[in-house]
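Just model.pdb here, PDB, N, CA, C and O atoms:
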ATOM      1  N   MET A1210     110.488  96.967  90.835
ATOM      2  CA  MET A1210     110.871  97.556  89.579
ATOM      3  C   MET A1210     109.645  98.079  88.823
ATOM      4  O   MET A1210     109.726  99.073  88.132
ATOM      5  N   MET A1211     108.522  97.423  88.951
ATOM      6  CA  MET A1211     107.316  97.834  88.229
ATOM      7  C   MET A1211     106.603  99.011  88.899
ATOM      8  O   MET A1211     105.881  99.740  88.246
ATOM      9  N   VAL A1212     106.817  99.193  90.193
ATOM     10  CA  VAL A1212     106.084 100.223  90.939
ATOM     11  C   VAL A1212     106.287 101.607  90.345
ATOM     12  O   VAL A1212     105.305 102.291  90.026
ATOM     13  N   PRO A1213     107.532 102.089  90.147
ATOM     14  CA  PRO A1213     107.675 103.451  89.610
ATOM     15  C   PRO A1213     107.126 103.589  88.189
ATOM     16  O   PRO A1213     106.564 104.629  87.846
ATOM     17  N   VAL A1214     107.243 102.562  87.396
ATOM     18  CA  VAL A1214     106.722 102.619  86.025
ATOM     19  C   VAL A1214     105.204 102.799  86.047
ATOM     20  O   VAL A1214     104.652 103.647  85.342
ATOM     21  N   LEU A1215     104.534 102.001  86.863
ATOM     22  CA  LEU A1215     103.076 102.086  86.947
ATOM     23  C   LEU A1215     102.624 103.403  87.576
ATOM     24  O   LEU A1215     101.656 104.017  87.120
ATOM     25  N   GLN A1216     103.326 103.849  88.620
ATOM     26  CA  GLN A1216     102.973 105.120  89.253
ATOM     27  C   GLN A1216     103.168 106.283  88.288
ATOM     28  O   GLN A1216     102.326 107.185  88.232
ATOM     29  N   ASN A1217     104.238 106.275  87.523
ATOM     30  CA  ASN A1217     104.475 107.334  86.545
ATOM     31  C   ASN A1217     103.418 107.342  85.447
ATOM     32  O   ASN A1217     103.186 108.374  84.816
ATOM     33  N   ALA A1218     102.793 106.201  85.222
ATOM     34  CA  ALA A1218     101.716 106.109  84.231
ATOM     35  C   ALA A1218     100.369 106.505  84.838
ATOM     36  O   ALA A1218      99.346 106.471  84.151
ATOM     37  N   GLY A1219     100.360 106.866  86.134
ATOM     38  CA  GLY A1219      99.144 107.350  86.775
ATOM     39  C   GLY A1219      98.352 106.323  87.559
ATOM     40  O   GLY A1219      97.247 106.599  88.016
ATOM     41  N   TYR A1220      98.909 105.138  87.757
ATOM     42  CA  TYR A1220      98.205 104.095  88.503
ATOM     43  C   TYR A1220      98.526 104.183  89.991
ATOM     44  O   TYR A1220      99.649 104.512  90.383
ATOM     45  N   GLU A1221      97.548 103.861  90.815
ATOM     46  CA  GLU A1221      97.791 103.700  92.246
ATOM     47  C   GLU A1221      98.314 102.284  92.444
ATOM     48  O   GLU A1221      97.713 101.316  91.973
ATOM     49  N   VAL A1222      99.436 102.152  93.130
ATOM     50  CA  VAL A1222     100.075 100.854  93.314
ATOM     51  C   VAL A1222     100.127 100.528  94.798
ATOM     52  O   VAL A1222     100.525 101.363  95.611
ATOM     53  N   LEU A1223      99.729  99.311  95.148
ATOM     54  CA  LEU A1223      99.809  98.827  96.524
ATOM     55  C   LEU A1223     100.768  97.638  96.531
ATOM     56  O   LEU A1223     100.335  96.492  96.386
ATOM     57  N   PRO A1224     102.059  97.888  96.687
ATOM     58  CA  PRO A1224     103.030  96.791  96.602
ATOM     59  C   PRO A1224     103.037  95.907  97.847
ATOM     60  O   PRO A1224     102.761  96.364  98.952
ATOM     61  N   ALA A1225     103.340  94.639  97.630
ATOM     62  CA  ALA A1225     103.486  93.667  98.722
ATOM     63  C   ALA A1225     104.779  92.905  98.477
ATOM     64  O   ALA A1225     105.095  92.544  97.350
ATOM     65  N   ARG A1226     105.514  92.641  99.533
ATOM     66  CA  ARG A1226     106.793  91.945  99.415
ATOM     67  C   ARG A1226     106.675  90.433  99.625
ATOM     68  O   ARG A1226     107.651  89.708  99.483
ATOM     69  N   SER A1227     105.475  89.975  99.986
ATOM     70  CA  SER A1227     105.265  88.541 100.206
ATOM     71  C   SER A1227     103.817  88.198  99.909
ATOM     72  O   SER A1227     102.957  89.087  99.813
ATOM     73  N   GLY A1228     103.551  86.915  99.779
ATOM     74  CA  GLY A1228     102.186  86.471  99.552
ATOM     75  C   GLY A1228     101.274  86.803 100.709
ATOM     76  O   GLY A1228     100.128  87.207 100.516
ATOM     77  N   SER A1229     101.772  86.668 101.934
ATOM     78  CA  SER A1229     100.927  86.970 103.099
ATOM     79  C   SER A1229     100.634  88.471 103.186
ATOM     80  O   SER A1229      99.535  88.868 103.569
ATOM     81  N   GLU A1230     101.602  89.306 102.801
ATOM     82  CA  GLU A1230     101.358  90.753 102.777
ATOM     83  C   GLU A1230     100.327  91.088 101.694
ATOM     84  O   GLU A1230      99.460  91.938 101.895
ATOM     85  N   ALA A1231     100.392  90.410 100.564
ATOM     86  CA  ALA A1231      99.406  90.614  99.500
ATOM     87  C   ALA A1231      98.009  90.237  99.988
ATOM     88  O   ALA A1231      97.039  90.962  99.722
ATOM     89  N   LEU A1232      97.888  89.122 100.707
ATOM     90  CA  LEU A1232      96.590  88.721 101.255
ATOM     91  C   LEU A1232      96.044  89.774 102.205
ATOM     92  O   LEU A1232      94.844  90.062 102.203
ATOM     93  N   SER A1233      96.917  90.348 103.002
ATOM     94  CA  SER A1233      96.499  91.393 103.932
ATOM     95  C   SER A1233      95.957  92.608 103.173
ATOM     96  O   SER A1233      94.908  93.152 103.522
ATOM     97  N   ILE A1234      96.658  93.005 102.134
ATOM     98  CA  ILE A1234      96.211  94.144 101.315
ATOM     99  C   ILE A1234      94.889  93.816 100.634
ATOM    100  O   ILE A1234      93.964  94.634 100.606
ATOM    101  N   LEU A1235      94.778  92.606 100.088
ATOM    102  CA  LEU A1235      93.558  92.207  99.390
ATOM    103  C   LEU A1235      92.363  92.094 100.331
ATOM    104  O   LEU A1235      91.220  92.159  99.885
ATOM    105  N   GLY A1236      92.633  91.939 101.618
ATOM    106  CA  GLY A1236      91.549  91.888 102.591
ATOM    107  C   GLY A1236      90.870  93.226 102.791
ATOM    108  O   GLY A1236      89.727  93.294 103.241
ATOM    109  N   SER A1237      91.561  94.320 102.431
ATOM    110  CA  SER A1237      90.983  95.645 102.644
ATOM    111  C   SER A1237      90.875  96.482 101.369
ATOM    112  O   SER A1237      90.341  97.588 101.413
ATOM    113  N   HIS A1238      91.387  95.999 100.252
ATOM    114  CA  HIS A1238      91.327  96.726  98.982
ATOM    115  C   HIS A1238      90.931  95.767  97.858
ATOM    116  O   HIS A1238      91.440  94.650  97.802
ATOM    117  N   LEU A1239      90.066  96.215  96.970
ATOM    118  CA  LEU A1239      89.709  95.429  95.798
ATOM    119  C   LEU A1239      90.400  96.073  94.595
ATOM    120  O   LEU A1239      89.975  97.127  94.122
ATOM    121  N   PRO A1240      91.465  95.453  94.098
ATOM    122  CA  PRO A1240      92.219  96.066  93.003
ATOM    123  C   PRO A1240      91.546  95.855  91.646
ATOM    124  O   PRO A1240      90.708  94.964  91.478
ATOM    125  N   ASP A1241      91.956  96.670  90.680
ATOM    126  CA  ASP A1241      91.500  96.495  89.302
ATOM    127  C   ASP A1241      92.247  95.356  88.634
ATOM    128  O   ASP A1241      91.722  94.703  87.736
ATOM    129  N   VAL A1242      93.485  95.134  89.057
ATOM    130  CA  VAL A1242      94.323  94.057  88.524
ATOM    131  C   VAL A1242      95.362  93.691  89.582
ATOM    132  O   VAL A1242      95.755  94.538  90.388
ATOM    133  N   VAL A1243      95.789  92.435  89.584
ATOM    134  CA  VAL A1243      96.845  91.974  90.490
ATOM    135  C   VAL A1243      98.009  91.497  89.623
ATOM    136  O   VAL A1243      97.815  90.711  88.705
ATOM    137  N   ILE A1244      99.196  92.004  89.905
ATOM    138  CA  ILE A1244     100.407  91.554  89.222
ATOM    139  C   ILE A1244     101.226  90.785  90.244
ATOM    140  O   ILE A1244     101.598  91.330  91.284
ATOM    141  N   LEU A1245     101.494  89.507  89.950
ATOM    142  CA  LEU A1245     102.163  88.618  90.902
ATOM    143  C   LEU A1245     103.437  88.044  90.324
ATOM    144  O   LEU A1245     103.524  87.775  89.127
ATOM    145  N   ASP A1246     104.384  87.797  91.200
ATOM    146  CA  ASP A1246     105.538  86.978  90.845
ATOM    147  C   ASP A1246     105.150  85.533  91.160
ATOM    148  O   ASP A1246     104.432  85.275  92.129
ATOM    149  N   VAL A1247     105.599  84.621  90.363
ATOM    150  CA  VAL A1247     105.318  83.210  90.616
ATOM    151  C   VAL A1247     105.958  82.783  91.935
ATOM    152  O   VAL A1247     105.337  82.097  92.742
ATOM    153  N   MET A1248     107.196  83.205  92.159
ATOM    154  CA  MET A1248     107.925  82.808  93.366
ATOM    155  C   MET A1248     107.998  83.989  94.328
ATOM    156  O   MET A1248     108.748  84.938  94.102
ATOM    157  N   MET A1249     107.171  83.931  95.384
ATOM    158  CA  MET A1249     107.172  84.953  96.419
ATOM    159  C   MET A1249     107.469  84.277  97.747
ATOM    160  O   MET A1249     107.198  83.083  97.909
ATOM    161  N   PRO A1250     108.024  85.027  98.692
ATOM    162  CA  PRO A1250     108.249  84.438 100.020
ATOM    163  C   PRO A1250     106.931  84.043 100.677
ATOM    164  O   PRO A1250     105.935  84.741 100.544
ATOM    165  N   GLY A1251     106.936  82.918 101.346
ATOM    166  CA  GLY A1251     105.732  82.463 102.059
ATOM    167  C   GLY A1251     104.748  81.798 101.130
ATOM    168  O   GLY A1251     104.883  80.635 100.787
ATOM    169  N   ILE A1252     103.773  82.542 100.690
ATOM    170  CA  ILE A1252     102.719  82.024  99.815
ATOM    171  C   ILE A1252     103.138  82.268  98.369
ATOM    172  O   ILE A1252     103.434  83.393  97.994
ATOM    173  N   SER A1253     103.127  81.233  97.547
ATOM    174  CA  SER A1253     103.539  81.385  96.146
ATOM    175  C   SER A1253     102.480  82.142  95.352
ATOM    176  O   SER A1253     101.320  82.253  95.768
ATOM    177  N   GLY A1254     102.879  82.636  94.198
ATOM    178  CA  GLY A1254     101.937  83.293  93.309
ATOM    179  C   GLY A1254     100.808  82.371  92.890
ATOM    180  O   GLY A1254      99.654  82.785  92.788
ATOM    181  N   TYR A1255     101.135  81.097  92.657
ATOM    182  CA  TYR A1255     100.102  80.121  92.298
ATOM    183  C   TYR A1255      99.071  79.965  93.415
ATOM    184  O   TYR A1255      97.869  79.924  93.161
ATOM    185  N   ASP A1256      99.552  79.863  94.651
ATOM    186  CA  ASP A1256      98.632  79.722  95.783
ATOM    187  C   ASP A1256      97.780  80.974  95.963
ATOM    188  O   ASP A1256      96.595  80.882  96.304
ATOM    189  N   LEU A1257      98.379  82.126  95.740
ATOM    190  CA  LEU A1257      97.636  83.377  95.867
ATOM    191  C   LEU A1257      96.534  83.461  94.807
ATOM    192  O   LEU A1257      95.414  83.883  95.100
ATOM    193  N   VAL A1258      96.807  83.027  93.589
ATOM    194  CA  VAL A1258      95.776  83.002  92.550
ATOM    195  C   VAL A1258      94.658  82.041  92.936
ATOM    196  O   VAL A1258      93.476  82.349  92.743
ATOM    197  N   ARG A1259      94.999  80.902  93.499
ATOM    198  CA  ARG A1259      93.963  79.962  93.949
ATOM    199  C   ARG A1259      93.053  80.627  94.987
ATOM    200  O   ARG A1259      91.836  80.465  94.962
ATOM    201  N   TRP A1260      93.664  81.379  95.917
ATOM    202  CA  TRP A1260      92.888  82.081  96.937
ATOM    203  C   TRP A1260      91.993  83.133  96.279
ATOM    204  O   TRP A1260      90.811  83.242  96.620
ATOM    205  N   LEU A1261      92.546  83.895  95.337
ATOM    206  CA  LEU A1261      91.763  84.929  94.651
ATOM    207  C   LEU A1261      90.551  84.320  93.945
ATOM    208  O   LEU A1261      89.452  84.861  94.000
ATOM    209  N   ARG A1262      90.759  83.212  93.251
ATOM    210  CA  ARG A1262      89.674  82.584  92.486
ATOM    211  C   ARG A1262      88.638  81.922  93.394
ATOM    212  O   ARG A1262      87.463  81.841  93.033
ATOM    213  N   ALA A1263      89.043  81.476  94.572
ATOM    214  CA  ALA A1263      88.117  80.835  95.505
ATOM    215  C   ALA A1263      87.271  81.850  96.272
ATOM    216  O   ALA A1263      86.213  81.504  96.802
ATOM    217  N   ASN A1264      87.714  83.083  96.333
ATOM    218  CA  ASN A1264      87.015  84.134  97.058
ATOM    219  C   ASN A1264      86.039  84.824  96.103
ATOM    220  O   ASN A1264      86.463  85.406  95.103
ATOM    221  N   PRO A1265      84.735  84.802  96.375
ATOM    222  CA  PRO A1265      83.758  85.411  95.461
ATOM    223  C   PRO A1265      84.003  86.902  95.200
ATOM    224  O   PRO A1265      83.698  87.397  94.125
ATOM    225  N   VAL A1266      84.563  87.611  96.154
ATOM    226  CA  VAL A1266      84.817  89.044  95.988
ATOM    227  C   VAL A1266      85.939  89.308  94.982
ATOM    228  O   VAL A1266      85.892  90.278  94.227
ATOM    229  N   THR A1267      86.947  88.438  94.944
ATOM    230  CA  THR A1267      88.111  88.667  94.082
ATOM    231  C   THR A1267      88.190  87.708  92.896
ATOM    232  O   THR A1267      89.132  87.777  92.114
ATOM    233  N   ALA A1268      87.212  86.850  92.741
ATOM    234  CA  ALA A1268      87.270  85.808  91.712
ATOM    235  C   ALA A1268      87.411  86.365  90.297
ATOM    236  O   ALA A1268      88.034  85.733  89.444
ATOM    237  N   ALA A1269      86.874  87.543  90.027
ATOM    238  CA  ALA A1269      86.904  88.100  88.674
ATOM    239  C   ALA A1269      88.029  89.110  88.457
ATOM    240  O   ALA A1269      88.156  89.668  87.371
ATOM    241  N   VAL A1270      88.855  89.351  89.477
ATOM    242  CA  VAL A1270      89.955  90.313  89.336
ATOM    243  C   VAL A1270      91.007  89.738  88.383
ATOM    244  O   VAL A1270      91.473  88.609  88.589
ATOM    245  N   PRO A1271      91.373  90.479  87.335
ATOM    246  CA  PRO A1271      92.405  89.986  86.416
ATOM    247  C   PRO A1271      93.745  89.835  87.130
ATOM    248  O   PRO A1271      94.086  90.618  88.019
ATOM    249  N   VAL A1272      94.498  88.804  86.742
ATOM    250  CA  VAL A1272      95.817  88.539  87.327
ATOM    251  C   VAL A1272      96.849  88.435  86.218
ATOM    252  O   VAL A1272      96.621  87.757  85.217
ATOM    253  N   ILE A1273      97.973  89.124  86.403
ATOM    254  CA  ILE A1273      99.118  89.011  85.509
ATOM    255  C   ILE A1273     100.228  88.363  86.317
ATOM    256  O   ILE A1273     100.600  88.860  87.382
ATOM    257  N   MET A1274     100.724  87.230  85.833
ATOM    258  CA  MET A1274     101.808  86.512  86.528
ATOM    259  C   MET A1274     103.127  86.821  85.825
ATOM    260  O   MET A1274     103.227  86.695  84.609
ATOM    261  N   LEU A1275     104.121  87.206  86.613
ATOM    262  CA  LEU A1275     105.459  87.488  86.110
ATOM    263  C   LEU A1275     106.451  86.580  86.814
ATOM    264  O   LEU A1275     106.229  86.171  87.939
ATOM    265  N   THR A1276     107.549  86.298  86.167
ATOM    266  CA  THR A1276     108.610  85.534  86.800
ATOM    267  C   THR A1276     109.927  85.835  86.096
ATOM    268  O   THR A1276     109.941  86.317  84.974
ATOM    269  N   ALA A1277     111.004  85.551  86.789
ATOM    270  CA  ALA A1277     112.315  85.769  86.183
ATOM    271  C   ALA A1277     112.561  84.645  85.209
ATOM    272  O   ALA A1277     113.303  84.679  84.310
TER     273      ALA A1277
END
Written as structure tokens, that's how I'd like the structure from this file.
Amino acid sequence: MMVPVLQNAGYEVLPARSGSEALSILGSHLPDVVILDVMMPGISGYDLVRWLRANPVTAAVPVIMLTA
């Protein structure tokens, strides 16, 4: 739901449907910001944030957590 809104505002969006897909994307792209759902298939949003903060390359990337 957020992808078209962000794209229409001029942002490049790299969507992921799961935590493991997000990790794969983060392995090859350094984003300006990460928007996560708390509950994702496989790896939770909380676990993904822990990974981001533990990795020196992504430790300072801002994270916005969303949930229903």
Evaluate the PyMOL selection byres (((chain A and resi 1242-1255 and name CA) around 8) and name CA) against this structure - the residues, as a PyMOL selection string, please. chain A and resi 1226-1229+1240-1241+1256-1259+1270-1276
Just give me the gap between atom CA of A:Leu1239 and atom C of A:Arg1262 in Å, one decimal is fine.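 Separation of atom CA of A:Leu1239 and atom C of A:Arg1262: 13.8 Å.
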Just asking: which residues within chain A are strand (DSSP E) according to DSSP, as a PyMOL selection string? chain A and resi 1243-1246+1272-1275
Restricted to N, CA, C and O atoms, what would the selected residues look like written as a PDB file, keeping the file's coordinate frame?
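The new file result.pdb reads:
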ATOM      1  N   VAL A1243      95.789  92.435  89.584  1.00  0.00           N
ATOM      2  CA  VAL A1243      96.845  91.974  90.490  1.00  0.00           C
ATOM      3  C   VAL A1243      98.009  91.497  89.623  1.00  0.00           C
ATOM      4  O   VAL A1243      97.815  90.711  88.705  1.00  0.00           O
ATOM      5  N   ILE A1244      99.196  92.004  89.905  1.00  0.00           N
ATOM      6  CA  ILE A1244     100.407  91.554  89.222  1.00  0.00           C
ATOM      7  C   ILE A1244     101.226  90.785  90.244  1.00  0.00           C
ATOM      8  O   ILE A1244     101.598  91.330  91.284  1.00  0.00           O
ATOM      9  N   LEU A1245     101.494  89.507  89.950  1.00  0.00           N
ATOM     10  CA  LEU A1245     102.163  88.618  90.902  1.00  0.00           C
ATOM     11  C   LEU A1245     103.437  88.044  90.324  1.00  0.00           C
ATOM     12  O   LEU A1245     103.524  87.775  89.127  1.00  0.00           O
ATOM     13  N   ASP A1246     104.384  87.797  91.200  1.00  0.00           N
ATOM     14  CA  ASP A1246     105.538  86.978  90.845  1.00  0.00           C
ATOM     15  C   ASP A1246     105.150  85.533  91.160  1.00  0.00           C
ATOM     16  O   ASP A1246     104.432  85.275  92.129  1.00  0.00           O
ATOM     17  N   VAL A1272      94.498  88.804  86.742  1.00  0.00           N
ATOM     18  CA  VAL A1272      95.817  88.539  87.327  1.00  0.00           C
ATOM     19  C   VAL A1272      96.849  88.435  86.218  1.00  0.00           C
ATOM     20  O   VAL A1272      96.621  87.757  85.217  1.00  0.00           O
ATOM     21  N   ILE A1273      97.973  89.124  86.403  1.00  0.00           N
ATOM     22  CA  ILE A1273      99.118  89.011  85.509  1.00  0.00           C
ATOM     23  C   ILE A1273     100.228  88.363  86.317  1.00  0.00           C
ATOM     24  O   ILE A1273     100.600  88.860  87.382  1.00  0.00           O
ATOM     25  N   MET A1274     100.724  87.230  85.833  1.00  0.00           N
ATOM     26  CA  MET A1274     101.808  86.512  86.528  1.00  0.00           C
ATOM     27  C   MET A1274     103.127  86.821  85.825  1.00  0.00           C
ATOM     28  O   MET A1274     103.227  86.695  84.609  1.00  0.00           O
ATOM     29  N   LEU A1275     104.121  87.206  86.613  1.00  0.00           N
ATOM     30  CA  LEU A1275     105.459  87.488  86.110  1.00  0.00           C
ATOM     31  C   LEU A1275     106.451  86.580  86.814  1.00  0.00           C
ATOM     32  O   LEU A1275     106.229  86.171  87.939  1.00  0.00           O
TER      33      LEU A1275
END
What is the distance, in Å and to one decimal place, between atom CA of A:Pro1213 and atom CA of A:Val1266?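 A separation of 27.8 Å between them.
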Report as an MDAnalysis selection string the residues that result from applying the PyMOL selection byres (((chain A and resi 1210 and name CA) around 12) and name CA) to the structure here. chainID A and resid 1211:1216 1222 1224 1246 1275
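The spacing separating atom CA of A:Thr1267 from atom CA of A:Ser1233 amounts to 13.2 Å.
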Please report, as a list in words, each residue of stretch 1215-1265 of chain A to which DSSP assigns alpha helix (DSSP H) when run on this structure's backbone. Leu1215, Gln1216, Asn1217, Gly1228, Ser1229, Glu1230, Ala1231, Leu1232, Ser1233, Ile1234, Leu1235, Gly1254, Tyr1255, Asp1256, Leu1257, Val1258, Arg1259, Trp1260, Leu1261, Arg1262 and Ala1263 of chain A
Dump of stretch 1228-1248 of chain A from preceding block, N, CA, C and O atoms, as a PDB file, in the first residue's frame:
ATOM      1  N   GLY A1228      10.935 -10.933   5.634  1.00  0.00           N
ATOM      2  CA  GLY A1228      12.170 -10.505   6.271  1.00  0.00           C
ATOM      3  C   GLY A1228      13.395 -11.017   5.551  1.00  0.00           C
ATOM      4  O   GLY A1228      14.383 -10.302   5.396  1.00  0.00           O
ATOM      5  N   SER A1229      13.344 -12.256   5.072  1.00  0.00           N
ATOM      6  CA  SER A1229      14.511 -12.810   4.368  1.00  0.00           C
ATOM      7  C   SER A1229      14.726 -12.104   3.026  1.00  0.00           C
ATOM      8  O   SER A1229      15.863 -11.884   2.614  1.00  0.00           O
ATOM      9  N   GLU A1230      13.636 -11.718   2.357  1.00  0.00           N
ATOM     10  CA  GLU A1230      13.771 -10.960   1.108  1.00  0.00           C
ATOM     11  C   GLU A1230      14.358  -9.575   1.401  1.00  0.00           C
ATOM     12  O   GLU A1230      15.189  -9.074   0.645  1.00  0.00           O
ATOM     13  N   ALA A1231      13.959  -8.968   2.503  1.00  0.00           N
ATOM     14  CA  ALA A1231      14.518  -7.674   2.900  1.00  0.00           C
ATOM     15  C   ALA A1231      16.018  -7.797   3.159  1.00  0.00           C
ATOM     16  O   ALA A1231      16.797  -6.932   2.734  1.00  0.00           O
ATOM     17  N   LEU A1232      16.439  -8.862   3.840  1.00  0.00           N
ATOM     18  CA  LEU A1232      17.867  -9.078   4.084  1.00  0.00           C
ATOM     19  C   LEU A1232      18.636  -9.209   2.779  1.00  0.00           C
ATOM     20  O   LEU A1232      19.746  -8.687   2.647  1.00  0.00           O
ATOM     21  N   SER A1233      18.047  -9.892   1.822  1.00  0.00           N
ATOM     22  CA  SER A1233      18.688 -10.051   0.521  1.00  0.00           C
ATOM     23  C   SER A1233      18.871  -8.693  -0.163  1.00  0.00           C
ATOM     24  O   SER A1233      19.942  -8.394  -0.694  1.00  0.00           O
ATOM     25  N   ILE A1234      17.840  -7.877  -0.122  1.00  0.00           N
ATOM     26  CA  ILE A1234      17.918  -6.534  -0.720  1.00  0.00           C
ATOM     27  C   ILE A1234      18.954  -5.691   0.012  1.00  0.00           C
ATOM     28  O   ILE A1234      19.765  -4.995  -0.608  1.00  0.00           O
ATOM     29  N   LEU A1235      18.948  -5.753   1.342  1.00  0.00           N
ATOM     30  CA  LEU A1235      19.885  -4.962   2.134  1.00  0.00           C
ATOM     31  C   LEU A1235      21.331  -5.405   1.936  1.00  0.00           C
ATOM     32  O   LEU A1235      22.253  -4.636   2.195  1.00  0.00           O
ATOM     33  N   GLY A1236      21.517  -6.631   1.470  1.00  0.00           N
ATOM     34  CA  GLY A1236      22.865  -7.109   1.191  1.00  0.00           C
ATOM     35  C   GLY A1236      23.490  -6.446  -0.018  1.00  0.00           C
ATOM     36  O   GLY A1236      24.711  -6.418  -0.163  1.00  0.00           O
ATOM     37  N   SER A1237      22.655  -5.872  -0.899  1.00  0.00           N
ATOM     38  CA  SER A1237      23.189  -5.258  -2.112  1.00  0.00           C
ATOM     39  C   SER A1237      22.814  -3.785  -2.273  1.00  0.00           C
ATOM     40  O   SER A1237      23.265  -3.144  -3.221  1.00  0.00           O
ATOM     41  N   HIS A1238      21.988  -3.245  -1.397  1.00  0.00           N
ATOM     42  CA  HIS A1238      21.576  -1.841  -1.468  1.00  0.00           C
ATOM     43  C   HIS A1238      21.630  -1.217  -0.071  1.00  0.00           C
ATOM     44  O   HIS A1238      21.199  -1.845   0.893  1.00  0.00           O
ATOM     45  N   LEU A1239      22.119   0.002   0.017  1.00  0.00           N
ATOM     46  CA  LEU A1239      22.110   0.732   1.277  1.00  0.00           C
ATOM     47  C   LEU A1239      21.019   1.799   1.173  1.00  0.00           C
ATOM     48  O   LEU A1239      21.198   2.809   0.492  1.00  0.00           O
ATOM     49  N   PRO A1240      19.888   1.584   1.837  1.00  0.00           N
ATOM     50  CA  PRO A1240      18.776   2.527   1.705  1.00  0.00           C
ATOM     51  C   PRO A1240      18.967   3.773   2.570  1.00  0.00           C
ATOM     52  O   PRO A1240      19.752   3.778   3.522  1.00  0.00           O
ATOM     53  N   ASP A1241      18.210   4.813   2.236  1.00  0.00           N
ATOM     54  CA  ASP A1241      18.188   6.024   3.055  1.00  0.00           C
ATOM     55  C   ASP A1241      17.330   5.816   4.290  1.00  0.00           C
ATOM     56  O   ASP A1241      17.563   6.433   5.326  1.00  0.00           O
ATOM     57  N   VAL A1242      16.321   4.963   4.170  1.00  0.00           N
ATOM     58  CA  VAL A1242      15.419   4.643   5.279  1.00  0.00           C
ATOM     59  C   VAL A1242      14.818   3.263   5.024  1.00  0.00           C
ATOM     60  O   VAL A1242      14.668   2.852   3.871  1.00  0.00           O
ATOM     61  N   VAL A1243      14.492   2.550   6.095  1.00  0.00           N
ATOM     62  CA  VAL A1243      13.830   1.247   5.991  1.00  0.00           C
ATOM     63  C   VAL A1243      12.474   1.371   6.683  1.00  0.00           C
ATOM     64  O   VAL A1243      12.396   1.837   7.812  1.00  0.00           O
ATOM     65  N   ILE A1244      11.422   0.983   5.984  1.00  0.00           N
ATOM     66  CA  ILE A1244      10.082   0.953   6.565  1.00  0.00           C
ATOM     67  C   ILE A1244       9.699  -0.512   6.707  1.00  0.00           C
ATOM     68  O   ILE A1244       9.665  -1.245   5.718  1.00  0.00           O
ATOM     69  N   LEU A1245       9.425  -0.937   7.946  1.00  0.00           N
ATOM     70  CA  LEU A1245       9.168  -2.347   8.241  1.00  0.00           C
ATOM     71  C   LEU A1245       7.811  -2.543   8.878  1.00  0.00           C
ATOM     72  O   LEU A1245       7.345  -1.700   9.644  1.00  0.00           O
ATOM     73  N   ASP A1246       7.229  -3.688   8.608  1.00  0.00           N
ATOM     74  CA  ASP A1246       6.073  -4.141   9.375  1.00  0.00           C
ATOM     75  C   ASP A1246       6.630  -4.935  10.558  1.00  0.00           C
ATOM     76  O   ASP A1246       7.645  -5.623  10.427  1.00  0.00           O
ATOM     77  N   VAL A1247       5.997  -4.835  11.679  1.00  0.00           N
ATOM     78  CA  VAL A1247       6.430  -5.597  12.848  1.00  0.00           C
ATOM     79  C   VAL A1247       6.295  -7.092  12.570  1.00  0.00           C
ATOM     80  O   VAL A1247       7.190  -7.873  12.882  1.00  0.00           O
ATOM     81  N   MET A1248       5.180  -7.486  11.968  1.00  0.00           N
ATOM     82  CA  MET A1248       4.923  -8.905  11.705  1.00  0.00           C
ATOM     83  C   MET A1248       5.105  -9.188  10.218  1.00  0.00           C
ATOM     84  O   MET A1248       4.267  -8.812   9.399  1.00  0.00           O
TER      85      MET A1248
END
